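Structure, as structure tokens:
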Amino acid sequence: MQTLLQAEELVALNDGFEDAHPRDILAWALERSGLERIAIASAFQAEGTIVMHLATRMRPDIPILFLETGYQFAETLAFKEQLAERLSLNVVDLVGEYTVERQAATFGPRLFERDPDRCCELNKVKPMFEALRGLDAWITAFRRESSPTRASAPFVQQYEIEAGRWMVKVNPMAAWTQLQVASYLREHDLPHNPLYDLGYSSIGCAPCTRMRLADEPERAGRWAGLSKWECGIQTQGAQAQATTQSASGAS
């Protein structure tokens, strides 16, 4: 089956973007790649604010996909509204099949504690998958520094989202550090989620997020105490990453 990008093109893009500013990677994705049906997935964290700030200068109406799980911090929802107004964002709230109340009635209370993978599947993975089915590509705010599971994230990857349907994923922030993120926000006078000021370093759903302890990776406060670093949306992307690295090694 024909893919959207050839293997050698993926290798060349990733090699060429290693020292590029996220602005340049986004310019490729939004202006030169030919990928018209493209959106940004954002939880309105600090690095995501940068992606949206840069991308909307190139494509003001680009959809911003936000997972409204029903378990988001009130601070996150308030910040989302604040930033959406400031940057005139085209936010699309993704909602799963189950409300918080219906989920509790169907699966029992506090599913996020008993089976966090199932909770993520219902409230994050399925809604995001349905949104991505209508796209050619999506943009994230992945950073390699943030966790072991993201340490070798490429800038551009490609995977088969379903039989015969290929998806391109763009990670323009992959090489940036936490210090670079903070510097950009200050330079451009951009706000941030107030939970960062309380000691949170990665912010997801309230029941499954705690403050980071000293010397822990940034995402260690997500699903703390469990052998879980990701909600599951990125599983296919990780498989695609391995394929991209294999192609690079063979070249």
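Ligands are numbered from 1 in the order shown, chains are lettered A, B, ... in the order of the structure tokens, and residues start at 1 in each chain.
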
Distance query Glu75 of chain A at most 7 Å, only C-alpha atoms, self and fewer than 3 positions along chain excluded, as a ChimeraX atom specification
/A:78-79,193-195

Among segment 47-247 of chain A, which ones does DSSP assign to helix (DSSP H, G or I) (computed from the backbone)? Answer as a PyMOL selection string.
chain A and resi 47-58+74-87+100-107+111-114+116-132+144-146+148-150+178-187+194-198+206-208+218-221+235-247

Saved selection, atoms kept: C-alpha atoms, as a JSON list (two decimals), in the first residue's frame:
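Result written to again_18.json:
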```json
[["chain", "number", "residue", "atom", "x", "y", "z"],
["A", 47, "GLU", "CA", 4.95, 23.11, 25.32],
["A", 48, "GLY", "CA", 1.54, 22.85, 23.71],
["A", 49, "THR", "CA", 1.04, 26.58, 24.21],
["A", 50, "ILE", "CA", 4.17, 27.16, 22.14],
["A", 51, "VAL", "CA", 2.97, 24.85, 19.36],
["A", 52, "MET", "CA", -0.37, 26.65, 19.20],
["A", 53, "HIS", "CA", 1.26, 30.08, 19.33],
["A", 54, "LEU", "CA", 3.54, 29.23, 16.39],
["A", 55, "ALA", "CA", 1.04, 27.25, 14.33],
["A", 56, "THR", "CA", -1.80, 29.75, 14.46],
["A", 57, "ARG", "CA", 0.47, 32.39, 12.96],
["A", 58, "MET", "CA", 0.69, 30.17, 9.88],
["A", 74, "ALA", "CA", -10.72, 23.08, 36.90],
["A", 75, "GLU", "CA", -7.50, 25.09, 36.47],
["A", 76, "THR", "CA", -6.84, 23.38, 33.13],
["A", 77, "LEU", "CA", -10.31, 24.15, 31.82],
["A", 78, "ALA", "CA", -10.06, 27.78, 32.91],
["A", 79, "PHE", "CA", -6.63, 28.13, 31.31],
["A", 80, "LYS", "CA", -7.92, 26.56, 28.10],
["A", 81, "GLU", "CA", -10.61, 29.23, 27.88],
["A", 82, "GLN", "CA", -8.09, 31.98, 28.67],
["A", 83, "LEU", "CA", -5.62, 30.91, 25.99],
["A", 84, "ALA", "CA", -8.32, 30.15, 23.43],
["A", 85, "GLU", "CA", -9.57, 33.72, 23.76],
["A", 86, "ARG", "CA", -6.11, 35.26, 23.66],
["A", 87, "LEU", "CA", -4.93, 33.34, 20.57],
["A", 100, "VAL", "CA", -18.45, 10.56, 34.49],
["A", 101, "GLU", "CA", -21.80, 9.52, 35.94],
["A", 102, "ARG", "CA", -22.59, 6.99, 33.23],
["A", 103, "GLN", "CA", -19.10, 5.50, 33.43],
["A", 104, "ALA", "CA", -19.52, 4.98, 37.18],
["A", 105, "ALA", "CA", -22.94, 3.39, 36.68],
["A", 106, "THR", "CA", -21.67, 1.07, 33.94],
["A", 107, "PHE", "CA", -18.20, 0.09, 35.20],
["A", 111, "LEU", "CA", -12.55, 3.10, 37.37],
["A", 112, "PHE", "CA", -9.47, 5.31, 37.03],
["A", 113, "GLU", "CA", -8.06, 3.63, 40.15],
["A", 114, "ARG", "CA", -9.13, 0.05, 39.44],
["A", 116, "PRO", "CA", -6.71, 3.14, 34.50],
["A", 117, "ASP", "CA", -6.02, 1.63, 31.08],
["A", 118, "ARG", "CA", -9.74, 1.06, 30.54],
["A", 119, "CYS", "CA", -10.56, 4.57, 31.75],
["A", 120, "CYS", "CA", -8.02, 6.05, 29.34],
["A", 121, "GLU", "CA", -9.34, 3.90, 26.52],
["A", 122, "LEU", "CA", -12.88, 5.18, 27.05],
["A", 123, "ASN", "CA", -12.08, 8.84, 27.62],
["A", 124, "LYS", "CA", -8.92, 9.48, 25.61],
["A", 125, "VAL", "CA", -7.95, 6.79, 23.13],
["A", 126, "LYS", "CA", -11.33, 6.21, 21.47],
["A", 127, "PRO", "CA", -12.34, 9.89, 21.17],
["A", 128, "MET", "CA", -8.92, 10.81, 19.77],
["A", 129, "PHE", "CA", -8.96, 7.89, 17.34],
["A", 130, "GLU", "CA", -12.33, 8.97, 15.98],
["A", 131, "ALA", "CA", -11.05, 12.52, 15.49],
["A", 132, "LEU", "CA", -7.87, 11.36, 13.76],
["A", 144, "ARG", "CA", 12.09, 13.74, 24.51],
["A", 145, "GLU", "CA", 13.26, 15.11, 27.85],
["A", 146, "SER", "CA", 9.89, 14.65, 29.53],
["A", 148, "PRO", "CA", 11.74, 7.63, 29.19],
["A", 149, "THR", "CA", 8.93, 6.63, 26.82],
["A", 150, "ARG", "CA", 9.53, 9.75, 24.72],
["A", 178, "GLN", "CA", 12.09, 22.46, 29.81],
["A", 179, "LEU", "CA", 14.38, 25.50, 30.04],
["A", 180, "GLN", "CA", 13.79, 26.37, 26.38],
["A", 181, "VAL", "CA", 10.04, 26.09, 26.90],
["A", 182, "ALA", "CA", 10.10, 28.42, 29.89],
["A", 183, "SER", "CA", 12.30, 30.90, 28.03],
["A", 184, "TYR", "CA", 9.93, 31.02, 25.04],
["A", 185, "LEU", "CA", 6.91, 31.62, 27.25],
["A", 186, "ARG", "CA", 8.67, 34.51, 28.98],
["A", 187, "GLU", "CA", 9.95, 36.02, 25.74],
["A", 194, "PRO", "CA", -1.38, 27.84, 37.29],
["A", 195, "LEU", "CA", -0.90, 24.24, 38.43],
["A", 196, "TYR", "CA", 2.75, 24.52, 37.36],
["A", 197, "ASP", "CA", 3.22, 27.10, 40.10],
["A", 198, "LEU", "CA", 2.03, 24.55, 42.68],
["A", 206, "ALA", "CA", -7.00, 15.25, 38.14],
["A", 207, "PRO", "CA", -7.49, 11.78, 39.70],
["A", 208, "CYS", "CA", -4.35, 10.40, 38.03],
["A", 218, "GLU", "CA", 8.62, 15.36, 34.32],
["A", 219, "ARG", "CA", 5.85, 12.85, 33.67],
["A", 220, "ALA", "CA", 6.46, 10.79, 36.82],
["A", 221, "GLY", "CA", 3.41, 12.39, 38.43],
["A", 235, "THR", "CA", 1.06, 3.28, 21.20],
["A", 236, "GLN", "CA", 0.85, 3.19, 17.43],
["A", 237, "GLY", "CA", 3.17, 6.16, 17.23],
["A", 238, "ALA", "CA", 5.79, 4.29, 19.23],
["A", 239, "GLN", "CA", 5.55, 1.36, 16.83],
["A", 240, "ALA", "CA", 5.96, 3.74, 13.92],
["A", 241, "GLN", "CA", 9.00, 5.24, 15.61],
["A", 242, "ALA", "CA", 10.66, 1.83, 15.71],
["A", 243, "THR", "CA", 9.95, 1.41, 12.01],
["A", 244, "THR", "CA", 11.46, 4.83, 11.24],
["A", 245, "GLN", "CA", 14.58, 4.05, 13.27],
["A", 246, "SER", "CA", 14.99, 0.70, 11.49],
["A", 247, "ALA", "CA", 14.80, 2.44, 8.14]]
```

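Minimum distance to Lys169 of chain A across A:Ile64, A:Ala20, A:Ile40, A:Ala27 (counting only C-alpha atoms) occurs at A:Ile40.
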
Work out how far atom CA of Arg110 of chain A is from atom CA of Thr140 of chain A, in Å to one decimal.
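Atom CA of Arg110 of chain A lies at a distance of 28.7 Å from atom CA of Thr140 of chain A.
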
Compare A:Ala141, A:Ala214, A:Thr99, A:Pro154 by their minimum atom-to-atom distance to Leu13 of chain A, counting only C-alpha atoms, and give me the closest one.
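Of all the options, A:Pro154 lies closest to Leu13 of chain A.
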
Please, which residues of segment 66-150 of chain A, numbered as in this document, come out strand (DSSP E) from DSSP, as a ChimeraX atom specification?
/A:66-67,90-94,137-139

Would you compute the distance between atom CA of Val168 of chain A and atom CA of Ser202 of chain A? Give it in Å to one decimal.
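Result for atom CA of Val168 of chain A versus atom CA of Ser202 of chain A: 24.7 Å, one decimal.
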
Here is a test: counting only C-alpha atoms, which residue of A:Cys205, A:Trp166, A:Ile25, A:Leu67 is nearest to Arg133 of chain A?
A:Trp166

Shortest interatomic distance to Trp28 of chain A - which of A:Phe142, A:Phe73, A:Phe155, A:Phe44, counting only C-alpha atoms:
A:Phe155

Shortest contact to Pro172 of chain A, candidates A:Glu160, A:Asp215, A:Asp93, A:Asp19, atoms counted only C-alpha atoms, goes to A:Asp19

Which of A:Gly204, A:His21, A:Val11, A:Gln158 sits closest to Met173 of chain A [using only C-alpha atoms]:
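Smallest distance to Met173 of chain A is found for A:His21.
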
Find the distance between atom CA of Val156 of chain A and atom CA of Thr209 of chain A and write it in Å to one decimal.
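Pair atom CA of Val156 of chain A / atom CA of Thr209 of chain A returns 28.3 Å.
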